[in-house]
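Data first, discussion second: the structure below is written as structure tokens.
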Amino acid sequence: MTDEDAPDTLGAGASDFILYAAPSGGVRVRVLVQDETVWLPQRQIAELFAVGVPAISKHLKNIFDSAELQEKSVVSVLETTAADGKVYRTRFYNLDAIIAVGYRVNSYEATQFRIWATRTLREYLVKGFVLDDERLKHGAAAFGKDYFDELLERIREIRASERRFYQKVTDLYALSVDYDKDAPLTREFFAMVQNKLHWAITGRTAAELIHERADRDAPHMGLTTWKHGPDGKILKSDVSVAKNYLTEAHLGELNRLVSAYLDLAENRARRGLVTKMADWTRFLDGFLELNAYPVLPDKGKVSALEARLKAEAEFERFREVQDAAFESDFDRFVEEAKQLADREDEGDG
């Protein structure tokens with residue numbers, strides 16, 4: 001094999017290895033996750049599919065000889081230094097090679113591993129790490145400095161973003177070490193976080209705020225901000241956004257509240273504390289109580305649908321008044337041209 005054909009070299013720390021446990025419970029292997037794929041040496045591929053290493057070697061040779069896969073594209077070398085100082089080079093094979101072998105020797109186990117690997121890689125790409133039972137059991141000690149540095153960077157990015165206040169809190173929740181977007185706890189947190197923040201600041205849920213303040217007879221229909229404000233028209237989509245009804249004082253208080261919550265997250269990351277979904281759920285209520293804010297006891301008295309229907313009905317009546325009074329850039333241009341013409345006529349006279 002020429003230098004050009006030689007496999008690439010992998011560099012891996014302890015935190016790049018995760019444990020795969022087969023659904024049957026009979027197989028447990030440590031898997032390397034790197035470069036958007038998973039890697040195993042021949043010995044562990046043999047353990048995974050319950051065959052001998054010679055069988056794995058034979059199948060890999062056939063796969064490469066038949067050009068089903070290009071060896072250089074699916075093989076990399078991991079160098080490890082033993083206690084005696086010797087450097088050992090071990091050939092690792094990526095997911096494509098593992099599955100190609102698996103379908104030849106144990107198609108059921110190959111399918112189960114492929115499903116697990118696909119889910120694992122998706123989690124790795126989203127969060128930059130993967131959680132397994134062993135890592136969770138050992139807490140912060142199982143996560144390296146790189147993990148917490150990355151976490152700090154993500155928290156700062158959330159702080160600097162232009163996302164809405166409650167979206168920043170949900171973005172923070174999504175950094176949980178065990179984050180699962182489909183978990184019941186996640187759905188509950190996402191459904192309640194906006195209401196918890198509005199309740200803390202105003203004593204009303206988002207729906208109650210909209211339902212109470214949407215008023216066709218009030219200036220700007222009760223809105224304090226809107227997409228094209230302060231001079232542009234209020235749109236139908238503006239009137240169902242609770243934040244648009246908050247006063248400047250409430251907006252400032254909400255900003256300080258969320259900023260302090262992000263401080264909590266950043267401090268935990270600096271201290272190397274691993275935070276799970278249940279922690280963020282508990283922390284939000286505790287954080288509000290600690291700062292003497294009321295904690296929402298239920299889902300509120302007005303549903304989101306009731307609030308939206310009421311606001312949109314008010315808007316339909318308000319739209320008539322707005323259209324009659326609204327002056328567009330074109331209207332202003334015409335009026336300015338008319339005034340200029342009038343002044344010129346007066347000058348000529």
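By order in the structure tokens, chains are A, B, ...; within a chain, residues start at 1; ligands start at 1, following the order shown.
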
Closest-contact table, segment 187-218 of chain A side, partner segment 321-339 of chain A, 12 Å, counting only C-alpha atoms, as a tab-separated table:
```
residue	atom	partner	partner_atom	distance
A:Arg216	CA	A:Val321	CA	8.8
A:Asp217	CA	A:Val321	CA	9.3
A:Ala218	CA	A:Val321	CA	11.2
```

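Excluding segment 226-231 of chain A and any residue on its chain fewer than 5 positions from it, the residues at most 10 Å away by only C-alpha atoms are A:His220, A:Ser237, A:Asp238, A:Val239, A:Val241, A:Lys243, A:Asn244, A:Tyr245, A:Phe326, A:Glu327, A:Ser328.
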
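Among the candidates A:Glu346, A:Glu157, A:Glu162, A:Asp182, the residue lying nearest to Leu262 of chain A is A:Glu157 (atoms considered: only C-alpha atoms).
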
Just want the 9 Å neighbourhood of Val193 of chain A, counted on only C-alpha atoms, with same-chain residues fewer than 5 positions away dropped. Output as a ChimeraX atom specification. /A:166-167,169-170,188,198,284

If you count only C-alpha atoms, the residue of A:Arg43, A:Arg114, A:Lys181, A:His211 closest to Lys301 of chain A turns out to be A:His211

Choose the residue, out of A:Val87, A:Leu121, A:Leu48, A:Leu209, that has the smallest atom-to-atom separation from Asp35 of chain A; count only C-alpha atoms.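 Nearest to Asp35 of chain A: A:Leu121.
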
Considering only C-alpha atoms, state which residue in the set A:Ala97, A:Leu254, A:Ala50, A:Leu296 is at the smallest distance from Phe64 of chain A.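 Smallest separation from Phe64 of chain A among the options: A:Ala97.
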
Find the residue from A:Ala207, A:Leu151, A:Val101, A:Ala249 that sits nearest to Arg268 of chain A; use only C-alpha atoms when measuring.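 Counting only C-alpha atoms, the residue closest to Arg268 of chain A is A:Leu151.
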
List the spatial neighbours of Gly203 of chain A as an NGL selection string - criterion: any atom at most 12 Å away, only C-alpha atoms, same-chain residues fewer than 6 positions off excluded. :A and (195-197 or 209 or 246 or 250 or 293-297 or 300-301)

Store the residues of this selection in a file with C-alpha atoms, as a CSV table (one decimal), in the first residue's frame.
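Saved to part_8.csv:
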```csv
chain,number,residue,atom,x,y,z
A,195,ASN,CA,-46.6,31.3,30.1
A,196,LYS,CA,-44.4,30.9,33.1
A,197,LEU,CA,-42.3,34.0,32.1
A,209,LEU,CA,-52.5,39.0,28.2
A,246,LEU,CA,-45.9,44.3,27.1
A,250,HIS,CA,-42.1,44.7,31.4
A,293,TYR,CA,-41.6,36.1,41.2
A,294,PRO,CA,-45.0,34.2,41.2
A,295,VAL,CA,-44.9,30.7,39.7
A,296,LEU,CA,-47.8,29.8,37.4
A,297,PRO,CA,-49.9,27.3,39.3
A,300,GLY,CA,-54.4,29.7,33.0
A,301,LYS,CA,-58.0,30.7,32.5
```

Neighbours of Arg319 of chain A within 9 Å (only C-alpha atoms; same-chain residues fewer than 6 positions away dropped), as a compact mmCIF listing (two decimals) with N, CA and C atoms, in the first residue's frame?
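Listing of around14.txt after writing:
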```
# COMPACT_ATOMS: atom_id res chain seq x y z
N ARG A 216 -59.82 47.13 20.00
CA ARG A 216 -59.88 47.89 18.75
C ARG A 216 -59.97 49.40 18.97
N ILE A 234 -50.08 47.80 11.53
CA ILE A 234 -50.22 46.61 12.36
C ILE A 234 -50.84 45.52 11.50
N LEU A 235 -50.26 44.33 11.52
CA LEU A 235 -50.76 43.21 10.73
C LEU A 235 -51.53 42.23 11.62
N LYS A 236 -52.30 41.38 10.98
CA LYS A 236 -53.07 40.39 11.72
C LYS A 236 -52.16 39.48 12.54
```

What are the DSSP helix (DSSP H, G or I) residues of segment 218-332 of chain A, as a VMD selection string? chain A and resid 219 to 222 236 to 240 242 to 245 248 to 270 277 to 290 304 to 325 329 to 332

For the strand (DSSP E or B) assignment from backbone DSSP, which residues of segment 65-274 of chain A qualify? Please present them as a count of residues only. 15
